[in-house]
Amino acid sequence: MAEKSELKLLGTPASHFVNRVQIGLNLKCVDYEFIDQNLGCKSDLLLKSNSVHKRVPVLLHANEPPVIESLLILEYIDEILPHVHPILPRAPSLRAHNRAWAYFIDTKFFPLFEDLRQSPNKEGQDMAKMQIREVAKLLEQVFVECSDGKAYFGGDNIGYLDIALGCFLGWITFSETLNNYKVFDETISPRLVEWVKKMRLHEAVTKVLPTDDALLKHYTMIQYIKPPRTA
């Protein structure tokens with residue numbers, strides 16, 4: 001069992017990948033120390049702990065080597081705290097299935113939001129929105145398959161895929177407001193619309209979703225560091 005003094009999370013409140021780890025830790029009902037990082041001036045601790053990628057999140061656990069990458073951190077905390085709210089399913093085939101779709105979310109779904117942000121004209125933005133909604137329809141099918149008629153991807157309780165996708169809810173809403181469209185709606189993803197409502201009401205999630213001000217500040221920083229493409 002991990003004690004409060006043993007777990008430290010390096011992150012920034014507006015990072016969806018950091019939020020992912022925070023949701024997992026909240027579900028495990030474990031206290032941890034959050035060490036806020038200034039990504040514009042990275043700390044020596046962050047650079048030392050993640051010398052390859054130099055990014056958050058990083059989990060520090062007592063004298064163990066640092067754990068990096070949000071999905072790997074989720075699996076790590078699930079292994080060190082196996083009896084408190086299991087995150088991954090027990091069956092190896094289901095674990096592999098969950099991992100595959102989590103990888104899809106990170107590499108095929110969320111990058112489309114970056115394409116939308118960087119698109120220099122309406123044509124490119126409309127294309128990105130269409131692609132986002134096409135993937136939303138696919139994720140609706142995945143939800144129906146995984147949830148088996150229940151509230152979450154994980155069934156009765158929040159599981160690995162709920163966290164993998166749910167950590168993006170703050171940014172998804174921010175993108176919808178900024179770009180005047182909907183990612184999930186009743187016409188293409190009615191089950192995910194209900195899922196979003198339940199996720200946002202869950203204590204483990206509401207505690208960590210970024211505020212609008214935090215998202216706007218982070219978005220402004222990204223716009224400065226990686227400005228949209230020129231036409």
# chains A, B, ... in the order shown; residues from 1 in each chain; ligands from 1
>>> residues_around(residues="Ile35 in chain A", least_positions_apart="5", cutoff="8 Å", atoms="only C-alpha atoms", output="number ranges by chain")
A: 8-11
>>> write_last_selection(atoms="N, CA and C atoms", output="tab-separated table (two decimals), in the first residue's frame")
chain	number	residue	atom	x	y	z
A	8	LYS	N	4.30	11.08	-5.27
A	8	LYS	CA	4.35	12.48	-5.70
A	8	LYS	C	4.07	12.51	-7.20
A	9	LEU	N	3.23	13.44	-7.60
A	9	LEU	CA	2.86	13.56	-9.01
A	9	LEU	C	3.34	14.91	-9.54
A	10	LEU	N	4.21	14.88	-10.53
A	10	LEU	CA	4.65	16.09	-11.20
A	10	LEU	C	3.69	16.37	-12.34
A	11	GLY	N	3.11	17.57	-12.36
A	11	GLY	CA	2.14	17.86	-13.41
A	11	GLY	C	1.74	19.31	-13.44
>>> residues_around(residues="Val196 in chain A", least_positions_apart="6", cutoff="9 Å", atoms="only C-alpha atoms", output="ChimeraX atom specification")
/A:166,169,184
>>> residues_around(residues="Trp195 in chain A", least_positions_apart="6", cutoff="10 Å", atoms="only C-alpha atoms", output="JSON, numbers by chain")
{"A": [143, 150, 151, 152, 153, 162, 166, 189, 201]}
>>> write_last_selection(atoms="C-alpha atoms", output="PDB file, in the first residue's frame")
ATOM      1  CA  PHE A 143     -18.799   2.029 -25.636  1.00  0.00           C
ATOM      2  CA  LYS A 150     -24.200  -0.296 -18.136  1.00  0.00           C
ATOM      3  CA  ALA A 151     -23.057   3.206 -17.243  1.00  0.00           C
ATOM      4  CA  TYR A 152     -19.365   3.096 -18.092  1.00  0.00           C
ATOM      5  CA  PHE A 153     -16.890   1.524 -20.490  1.00  0.00           C
ATOM      6  CA  ASP A 162     -13.341   5.662 -18.996  1.00  0.00           C
ATOM      7  CA  GLY A 166     -12.679  10.955 -19.717  1.00  0.00           C
ATOM      8  CA  SER A 189     -23.390   9.114 -29.946  1.00  0.00           C
ATOM      9  CA  LEU A 201     -20.697  14.113 -11.885  1.00  0.00           C
TER      10      LEU A 201
END
>>> residues_around(residues="Tyr32 in chain A", least_positions_apart="3", cutoff="12 Å", atoms="only C-alpha atoms", output="ChimeraX atom specification")
/A:2-10,21-22,24-26,28-29,35,59-62,77
>>> select_by_dssp(residues="range 35-190 of chain A", states="strand (DSSP E)", output="PyMOL selection string")
chain A and resi 35-36+58-61+67-68
>>> write_last_selection(atoms="all heavy atoms", output="mmCIF file, in the first residue's frame")
data_model
loop_
_atom_site.group_PDB
_atom_site.id
_atom_site.type_symbol
_atom_site.label_atom_id
_atom_site.label_comp_id
_atom_site.auth_asym_id
_atom_site.auth_seq_id
_atom_site.Cartn_x
_atom_site.Cartn_y
_atom_site.Cartn_z
ATOM 1 N N ILE A 35 2.951 18.194 -7.313
ATOM 2 C CA ILE A 35 4.022 19.177 -7.471
ATOM 3 C C ILE A 35 3.810 19.875 -8.809
ATOM 4 O O ILE A 35 4.128 19.333 -9.867
ATOM 5 C CB ILE A 35 5.415 18.513 -7.400
ATOM 6 C CG1 ILE A 35 5.556 17.733 -6.082
ATOM 7 C CG2 ILE A 35 6.511 19.573 -7.502
ATOM 8 C CD1 ILE A 35 6.869 16.983 -5.944
ATOM 9 N N ASP A 36 3.258 21.071 -8.746
ATOM 10 C CA ASP A 36 2.895 21.828 -9.943
ATOM 11 C C ASP A 36 4.152 22.235 -10.712
ATOM 12 O O ASP A 36 5.145 22.687 -10.122
ATOM 13 C CB ASP A 36 2.105 23.076 -9.541
ATOM 14 C CG ASP A 36 1.322 23.656 -10.695
ATOM 15 O OD1 ASP A 36 1.482 23.179 -11.838
ATOM 16 O OD2 ASP A 36 0.543 24.604 -10.462
ATOM 17 N N VAL A 58 4.701 12.758 -14.344
ATOM 18 C CA VAL A 58 5.694 11.823 -13.811
ATOM 19 C C VAL A 58 5.236 11.445 -12.406
ATOM 20 O O VAL A 58 4.899 12.321 -11.608
ATOM 21 C CB VAL A 58 7.100 12.443 -13.742
ATOM 22 C CG1 VAL A 58 8.094 11.447 -13.135
ATOM 23 C CG2 VAL A 58 7.576 12.894 -15.117
ATOM 24 N N LEU A 59 5.218 10.152 -12.113
ATOM 25 C CA LEU A 59 4.869 9.683 -10.771
ATOM 26 C C LEU A 59 6.142 9.243 -10.069
ATOM 27 O O LEU A 59 6.901 8.424 -10.592
ATOM 28 C CB LEU A 59 3.885 8.515 -10.845
ATOM 29 C CG LEU A 59 3.365 8.023 -9.483
ATOM 30 C CD1 LEU A 59 2.382 9.028 -8.890
ATOM 31 C CD2 LEU A 59 2.708 6.651 -9.605
ATOM 32 N N LEU A 60 6.357 9.793 -8.879
ATOM 33 C CA LEU A 60 7.478 9.396 -8.039
ATOM 34 C C LEU A 60 6.937 8.584 -6.882
ATOM 35 O O LEU A 60 6.030 9.020 -6.171
ATOM 36 C CB LEU A 60 8.219 10.637 -7.525
ATOM 37 C CG LEU A 60 8.724 11.616 -8.598
ATOM 38 C CD1 LEU A 60 9.378 12.828 -7.946
ATOM 39 C CD2 LEU A 60 9.684 10.933 -9.549
ATOM 40 N N HIS A 61 7.460 7.394 -6.692
ATOM 41 C CA HIS A 61 6.991 6.490 -5.653
ATOM 42 C C HIS A 61 8.174 6.047 -4.809
ATOM 43 O O HIS A 61 8.931 5.159 -5.205
ATOM 44 C CB HIS A 61 6.296 5.279 -6.268
ATOM 45 C CG HIS A 61 5.743 4.314 -5.266
ATOM 46 N ND1 HIS A 61 5.363 3.036 -5.593
ATOM 47 C CD2 HIS A 61 5.507 4.438 -3.923
ATOM 48 C CE1 HIS A 61 4.918 2.407 -4.516
ATOM 49 N NE2 HIS A 61 5.000 3.237 -3.489
ATOM 50 N N VAL A 67 8.015 6.881 -12.822
ATOM 51 C CA VAL A 67 7.113 6.266 -13.793
ATOM 52 C C VAL A 67 6.580 7.376 -14.685
ATOM 53 O O VAL A 67 6.030 8.370 -14.193
ATOM 54 C CB VAL A 67 5.947 5.534 -13.108
ATOM 55 C CG1 VAL A 67 5.138 4.753 -14.136
ATOM 56 C CG2 VAL A 67 6.462 4.604 -12.016
ATOM 57 N N ILE A 68 6.737 7.218 -16.008
ATOM 58 C CA ILE A 68 6.320 8.244 -16.955
ATOM 59 C C ILE A 68 5.246 7.690 -17.884
ATOM 60 O O ILE A 68 5.033 6.488 -17.940
ATOM 61 C CB ILE A 68 7.508 8.780 -17.773
ATOM 62 C CG1 ILE A 68 8.122 7.653 -18.618
ATOM 63 C CG2 ILE A 68 8.563 9.388 -16.853
ATOM 64 C CD1 ILE A 68 9.210 8.118 -19.572
#
>>> residues_around(residues="Lys207 in chain A", least_positions_apart="4", cutoff="12 Å", atoms="only C-alpha atoms", output="list in words")
Pro13, Asn19, Arg20, Gln22, Ile23, Gly24, Leu25, Asn26, Leu27, Cys167, Gly170, Met199, Arg200, Leu201, His202, Glu203 and Thr211 of chain A
>>> closest_residue(among="A:Phe104, A:Tyr224, A:Tyr76, A:Phe17", to="Leu88 in chain A", atoms="only C-alpha atoms")
A:Tyr76
>>> residues_around(residues="range 100-102 of chain A", least_positions_apart="2", cutoff="10 Å", atoms="only C-alpha atoms", output="list in words")
Leu71, Leu94, Arg95, Ala96, His97, Asn98, Phe104, Ile105, Asp106, Thr107, Lys108, Phe109, Leu139, Val142, Tyr160, Leu161, Asp162, Ile163, Ala164 and Leu165 of chain A
>>> write_last_selection(atoms="N, CA and C atoms", output="PDB file, in the first residue's frame")
ATOM      1  N   LEU A  71      -0.742   6.482 -19.357  1.00  0.00           N
ATOM      2  CA  LEU A  71      -1.350   5.148 -19.382  1.00  0.00           C
ATOM      3  C   LEU A  71      -0.503   4.142 -18.610  1.00  0.00           C
ATOM      4  N   LEU A  94      -9.461  -8.946 -22.398  1.00  0.00           N
ATOM      5  CA  LEU A  94     -10.117  -7.651 -22.181  1.00  0.00           C
ATOM      6  C   LEU A  94      -9.099  -6.566 -21.857  1.00  0.00           C
ATOM      7  N   ARG A  95      -8.046  -6.940 -21.140  1.00  0.00           N
ATOM      8  CA  ARG A  95      -6.983  -5.971 -20.851  1.00  0.00           C
ATOM      9  C   ARG A  95      -6.329  -5.511 -22.152  1.00  0.00           C
ATOM     10  N   ALA A  96      -6.050  -6.465 -23.026  1.00  0.00           N
ATOM     11  CA  ALA A  96      -5.440  -6.127 -24.303  1.00  0.00           C
ATOM     12  C   ALA A  96      -6.380  -5.249 -25.136  1.00  0.00           C
ATOM     13  N   HIS A  97      -7.663  -5.574 -25.113  1.00  0.00           N
ATOM     14  CA  HIS A  97      -8.671  -4.803 -25.848  1.00  0.00           C
ATOM     15  C   HIS A  97      -8.722  -3.376 -25.329  1.00  0.00           C
ATOM     16  N   ASN A  98      -8.713  -3.209 -24.020  1.00  0.00           N
ATOM     17  CA  ASN A  98      -8.724  -1.874 -23.416  1.00  0.00           C
ATOM     18  C   ASN A  98      -7.478  -1.085 -23.793  1.00  0.00           C
ATOM     19  N   PHE A 104      -5.539   3.968 -29.297  1.00  0.00           N
ATOM     20  CA  PHE A 104      -6.266   4.612 -30.390  1.00  0.00           C
ATOM     21  C   PHE A 104      -6.694   6.022 -29.987  1.00  0.00           C
ATOM     22  N   ILE A 105      -7.219   6.161 -28.791  1.00  0.00           N
ATOM     23  CA  ILE A 105      -7.664   7.477 -28.312  1.00  0.00           C
ATOM     24  C   ILE A 105      -6.511   8.464 -28.311  1.00  0.00           C
ATOM     25  N   ASP A 106      -5.365   8.030 -27.834  1.00  0.00           N
ATOM     26  CA  ASP A 106      -4.214   8.929 -27.717  1.00  0.00           C
ATOM     27  C   ASP A 106      -3.568   9.249 -29.060  1.00  0.00           C
ATOM     28  N   THR A 107      -3.583   8.302 -29.985  1.00  0.00           N
ATOM     29  CA  THR A 107      -2.838   8.486 -31.233  1.00  0.00           C
ATOM     30  C   THR A 107      -3.707   8.841 -32.440  1.00  0.00           C
ATOM     31  N   LYS A 108      -5.015   8.549 -32.370  1.00  0.00           N
ATOM     32  CA  LYS A 108      -5.880   8.797 -33.514  1.00  0.00           C
ATOM     33  C   LYS A 108      -7.008   9.795 -33.239  1.00  0.00           C
ATOM     34  N   PHE A 109      -7.483   9.848 -31.986  1.00  0.00           N
ATOM     35  CA  PHE A 109      -8.612  10.726 -31.671  1.00  0.00           C
ATOM     36  C   PHE A 109      -8.147  12.107 -31.234  1.00  0.00           C
ATOM     37  N   LEU A 139     -16.274   5.534 -31.425  1.00  0.00           N
ATOM     38  CA  LEU A 139     -16.155   5.359 -29.975  1.00  0.00           C
ATOM     39  C   LEU A 139     -17.499   5.027 -29.338  1.00  0.00           C
ATOM     40  N   VAL A 142     -17.708   1.378 -29.622  1.00  0.00           N
ATOM     41  CA  VAL A 142     -16.825   0.755 -28.624  1.00  0.00           C
ATOM     42  C   VAL A 142     -17.485   0.795 -27.252  1.00  0.00           C
ATOM     43  N   TYR A 160     -10.559   1.541 -17.130  1.00  0.00           N
ATOM     44  CA  TYR A 160      -9.390   2.048 -17.860  1.00  0.00           C
ATOM     45  C   TYR A 160      -9.784   2.947 -19.028  1.00  0.00           C
ATOM     46  N   LEU A 161     -10.726   2.518 -19.859  1.00  0.00           N
ATOM     47  CA  LEU A 161     -11.124   3.320 -21.007  1.00  0.00           C
ATOM     48  C   LEU A 161     -11.905   4.560 -20.602  1.00  0.00           C
ATOM     49  N   ASP A 162     -12.650   4.473 -19.499  1.00  0.00           N
ATOM     50  CA  ASP A 162     -13.341   5.662 -18.996  1.00  0.00           C
ATOM     51  C   ASP A 162     -12.339   6.748 -18.631  1.00  0.00           C
ATOM     52  N   ILE A 163     -11.257   6.343 -17.998  1.00  0.00           N
ATOM     53  CA  ILE A 163     -10.225   7.304 -17.613  1.00  0.00           C
ATOM     54  C   ILE A 163      -9.470   7.791 -18.842  1.00  0.00           C
ATOM     55  N   ALA A 164      -9.148   6.862 -19.747  1.00  0.00           N
ATOM     56  CA  ALA A 164      -8.376   7.210 -20.943  1.00  0.00           C
ATOM     57  C   ALA A 164      -9.083   8.278 -21.772  1.00  0.00           C
ATOM     58  N   LEU A 165     -10.400   8.157 -21.929  1.00  0.00           N
ATOM     59  CA  LEU A 165     -11.165   9.141 -22.691  1.00  0.00           C
ATOM     60  C   LEU A 165     -11.663  10.276 -21.808  1.00  0.00           C
TER      61      LEU A 165
END
>>> closest_residue(among="A:Lys182, A:Lys137, A:Arg117, A:Lys197", to="Lys226 in chain A", atoms="only C-alpha atoms")
A:Arg117
>>> closest_residue(among="A:Val84, A:Leu178, A:Ile188, A:Cys41", to="Leu216 in chain A", atoms="only C-alpha atoms")
A:Leu178
>>> closest_residue(among="A:Asp115, A:Glu194, A:Glu176, A:Asp126", to="Glu140 in chain A", atoms="only C-alpha atoms")
A:Glu194
>>> select_by_dssp(residues="range 87-219 of chain A", states="alpha helix (DSSP H)", output="PyMOL selection string")
chain A and resi 92-104+111-118+122-147+160-166+169-179+190-201+203-206+212-219
>>> closest_residue(among="A:Ser49, A:Thr173, A:Ser43, A:Ser147", to="Pro66 in chain A", atoms="only C-alpha atoms")
A:Ser49
